[in-house]
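Trainee: The structure follows.
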Amino acid sequence: MQTNWKIGSLFGIPLFLDPLWFVILGLATLNFGVAYQEWGPVIAWSAGIVMALLLFGSVLLHELGHSLVARSQGIKVNSITLFLFGGIAAIEEESKTPFKAFQVAIAGPLVSIILFFLLRLGAIVIPDTSPLSVMVGDLARINLVVALFNLIPGLPLDGGQVLKAALWQITGNRFQAVHWAAKAGQILGYSAIALGFVVDFVTRELVLGLWIAMLGWFAVRNANSYDNMTTLQESLLKVVAADAMTRDFRVIDADQTLRSFADLYLLETVPSQIYFAASDGRYRGLVSIDDFRLTQRSEWETQTLHSIVHPLTEIPTVAEATTIAEVINKLENEQLPRITVLSPAGAVAGVIDRGDIVRALAQKLNLRVADAEIKRIKEEGSYSPGLQLAALAKSITK
């Protein structure tokens, strides 16, 4: 369920706020307000909230840097969200080359560094006695910290994206590069969690230690997510239609009359949902129950299934060697309930629906998916909430 609040858009990119953003906004306001108490309570707390908002304005510009470079490469940016740990740009797909991936990754830190130099210049120009000079100088340092922190080489940080691009260039394997960069992020994240406890124990600064540990937890969680999503993407390219298809269909005589078809199959207690008609040793096509029902009953005795069959050349099909990523794209782009799989000889080898895809991927990845969930996906024609198969398939096959 979408819990983020949309607050507008920038360059056509929707902007969202996570409700927890207000927690860090309050903490930042408190931090700056206390630091500026020598200016008097009114000015100090006013400056505190202004600095907190400018901090997140800087984070927004940082994420906008990533987003605009991605858009220049023809990549769609779905949104930018400000949340507890800063901001995140929802970029729909991976860049096509390591260098382009590097450009997207480095754009955010470059924006923060440019802001640092511009703000430092402003602080020099503004008289030292002015509170504005102090605020501008503090904001400059914060942008430098944001840039340097994000350049730490581990996913999900920008430095991890830079590391991924470098490893991709060296190995030629984007998936392996993500796995290694995610592993670096996991190591750094666990190290931060440990450091947080050490800081708490040594300095008794509970808030600081807890914050460092939370940052580590966030890094581990998102590094794991990158790793798992990449493993899933690899499977989408390794698993083919033949691995996921089932033979949940019936082959019936195309020469029989519509009356015979109705009596033999449609009056069964549990009729098969998919029928393919064949005659003279050849598949003639798919029999649509809807077409059958539209035929006048007076014609049932004289017309055969040939009159309502849809030839294989006119229905959605894929080859047995087609990757599951391509199958998913076809299902989603054409809004199909299922797809027919053809053998190299052009015969019907099987059928695939979304439930079959989830089951095949679960087997490939050694995951347990309940039969009831597979049944639901088959009946409803929609993936489980949170399962990003459609988006992942789209991103790796463009």
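Note on naming: chains are A, B, ... as they come in the structure tokens, residues start from 1 per chain, ligands start from 1 in the order shown.
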Give me every helix (DSSP H, G or I) residue in segment 101-254 of chain A, going by DSSP on the backbone, as an NGL selection string.
Mentor: :A and (101-125 or 131-150 or 158-171 or 174-203 or 206-238 or 241-244)
Trainee: Leaving out segment 79-84 of chain A and any residue of its chain fewer than 5 positions from it, which residues lie within 6 Å of it when counting only C-alpha atoms, given as a list in words?
Mentor: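 Returned residues: Ile13, Pro14, Leu15, Phe16, Leu17, Asp18, Leu20, Trp21, Ile24, Ala89 and Ala90 of chain A.
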Trainee: Name the residues in contact with Val369 of chain A at a cut-off of 12 Å, using only C-alpha atoms, excluding same-chain residues fewer than 2 positions from it; report them as a PyMOL selection string.
Mentor: chain A and resi 355-367+371-377+384
Trainee: Take the residues that were just selected and, keeping N, CA, C and O atoms, output them as a CSV table (one decimal), in the first residue's frame.
Mentor:
chain,number,residue,atom,x,y,z
A,355,GLY,N,1.3,-17.8,-12.9
A,355,GLY,CA,1.5,-18.8,-11.9
A,355,GLY,C,2.6,-19.7,-12.2
A,355,GLY,O,3.4,-20.1,-11.3
A,356,ASP,N,2.6,-20.2,-13.5
A,356,ASP,CA,3.7,-21.1,-13.9
A,356,ASP,C,5.0,-20.5,-13.8
A,356,ASP,O,6.0,-21.1,-13.4
A,357,ILE,N,5.1,-19.2,-14.1
A,357,ILE,CA,6.4,-18.4,-14.1
A,357,ILE,C,6.9,-18.4,-12.6
A,357,ILE,O,8.0,-18.6,-12.4
A,358,VAL,N,6.0,-18.0,-11.7
A,358,VAL,CA,6.4,-17.9,-10.3
A,358,VAL,C,6.8,-19.3,-9.8
A,358,VAL,O,7.8,-19.4,-9.1
A,359,ARG,N,6.1,-20.3,-10.1
A,359,ARG,CA,6.5,-21.6,-9.7
A,359,ARG,C,7.9,-22.1,-10.2
A,359,ARG,O,8.7,-22.6,-9.5
A,360,ALA,N,8.1,-21.8,-11.5
A,360,ALA,CA,9.4,-22.1,-12.1
A,360,ALA,C,10.6,-21.4,-11.4
A,360,ALA,O,11.6,-21.9,-11.2
A,361,LEU,N,10.4,-20.1,-11.2
A,361,LEU,CA,11.4,-19.3,-10.6
A,361,LEU,C,11.6,-19.7,-9.1
A,361,LEU,O,12.8,-19.7,-8.6
A,362,ALA,N,10.6,-20.0,-8.4
A,362,ALA,CA,10.7,-20.5,-7.0
A,362,ALA,C,11.6,-21.8,-7.0
A,362,ALA,O,12.4,-21.9,-6.1
A,363,GLN,N,11.3,-22.7,-7.9
A,363,GLN,CA,12.1,-23.9,-8.0
A,363,GLN,C,13.6,-23.6,-8.3
A,363,GLN,O,14.5,-24.2,-7.8
A,364,LYS,N,13.8,-22.7,-9.2
A,364,LYS,CA,15.1,-22.3,-9.6
A,364,LYS,C,15.9,-21.7,-8.5
A,364,LYS,O,17.1,-22.0,-8.3
A,365,LEU,N,15.2,-20.9,-7.7
A,365,LEU,CA,15.9,-20.2,-6.6
A,365,LEU,C,15.8,-20.9,-5.2
A,365,LEU,O,16.1,-20.3,-4.2
A,366,ASN,N,15.2,-22.1,-5.2
A,366,ASN,CA,15.0,-22.9,-4.0
A,366,ASN,C,14.1,-22.1,-3.0
A,366,ASN,O,14.4,-22.1,-1.8
A,367,LEU,N,13.1,-21.4,-3.5
A,367,LEU,CA,12.2,-20.7,-2.6
A,367,LEU,C,10.9,-21.5,-2.5
A,367,LEU,O,10.5,-22.2,-3.4
A,371,ASP,N,1.1,-23.6,-2.7
A,371,ASP,CA,0.3,-23.9,-3.8
A,371,ASP,C,-0.9,-23.0,-3.9
A,371,ASP,O,-1.4,-22.7,-5.0
A,372,ALA,N,-1.4,-22.6,-2.7
A,372,ALA,CA,-2.6,-21.7,-2.7
A,372,ALA,C,-2.3,-20.3,-3.4
A,372,ALA,O,-3.1,-19.7,-4.1
A,373,GLU,N,-1.0,-19.9,-3.2
A,373,GLU,CA,-0.6,-18.6,-3.8
A,373,GLU,C,-0.4,-18.8,-5.3
A,373,GLU,O,-0.8,-17.9,-6.1
A,374,ILE,N,0.1,-19.9,-5.7
A,374,ILE,CA,0.2,-20.2,-7.2
A,374,ILE,C,-1.2,-20.2,-7.8
A,374,ILE,O,-1.4,-19.6,-8.9
A,375,LYS,N,-2.1,-20.8,-7.1
A,375,LYS,CA,-3.5,-20.9,-7.6
A,375,LYS,C,-4.1,-19.5,-7.7
A,375,LYS,O,-4.8,-19.2,-8.7
A,376,ARG,N,-3.8,-18.7,-6.7
A,376,ARG,CA,-4.4,-17.3,-6.8
A,376,ARG,C,-3.8,-16.6,-7.9
A,376,ARG,O,-4.6,-15.9,-8.6
A,377,ILE,N,-2.5,-16.7,-8.1
A,377,ILE,CA,-1.9,-15.9,-9.3
A,377,ILE,C,-2.5,-16.4,-10.6
A,377,ILE,O,-2.8,-15.6,-11.5
A,384,SER,N,2.2,-11.6,-7.0
A,384,SER,CA,2.1,-11.3,-5.5
A,384,SER,C,2.5,-9.9,-5.3
A,384,SER,O,3.4,-9.3,-5.9
Trainee: Of the residues A:Leu115, A:Phe22, A:Arg250, A:Ser395, which is the one nearest to Asn4 of chain A, using only C-alpha atoms?
Mentor: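 Comparing A:Leu115, A:Phe22, A:Arg250, A:Ser395 against Asn4 of chain A, the winner is A:Phe22.
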Trainee: Which of these, A:Glu326, A:Glu334, A:Asp290, A:Asp248, has the shortest distance to Val309 of chain A once you count only C-alpha atoms?
Mentor: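 Closest residue, counting only C-alpha atoms: A:Asp290.
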Trainee: Can you pull out every residue within 9 Å of Leu195 of chain A, counting only C-alpha atoms, but drop anything in the same chain fewer than 2 positions away, and send it as a list in words?
Mentor: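 Counting only the stated atoms, we get Tyr190, Ser191, Ala192, Ile193, Phe197, Val198, Val199, Asp200, Gly209, Ile212, Ala213 and Gly216 of chain A.
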Trainee: For the selection you just gave me, I'd like the residues written to a file as a compact mmCIF listing (two decimals), in the first residue's frame, keeping C-alpha atoms.
Mentor:
# COMPACT_ATOMS: atom_id res chain seq x y z
CA TYR A 190 27.54 -4.93 9.49
CA SER A 191 30.67 -2.96 10.39
CA ALA A 192 28.54 0.14 11.00
CA ILE A 193 26.17 -1.84 13.22
CA PHE A 197 27.35 -0.56 19.65
CA VAL A 198 31.00 0.27 20.32
CA VAL A 199 30.26 4.01 20.23
CA ASP A 200 27.36 3.51 22.63
CA GLY A 209 25.46 4.87 18.52
CA ILE A 212 25.15 4.65 13.29
CA ALA A 213 23.69 1.18 13.87
CA GLY A 216 24.29 0.06 9.06
Trainee: Got a sec: who's within 12 Å of Gly281 of chain A, counting only C-alpha atoms, leaving out chain neighbours fewer than 2 positions off, as a list in words?
Mentor: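 Contacts, with the query itself left out: Val251, Ile252, Asp253, Ala254, Asp255, Ala277, Ala278, Ser279, Tyr283, Arg284 and Ala347 of chain A.
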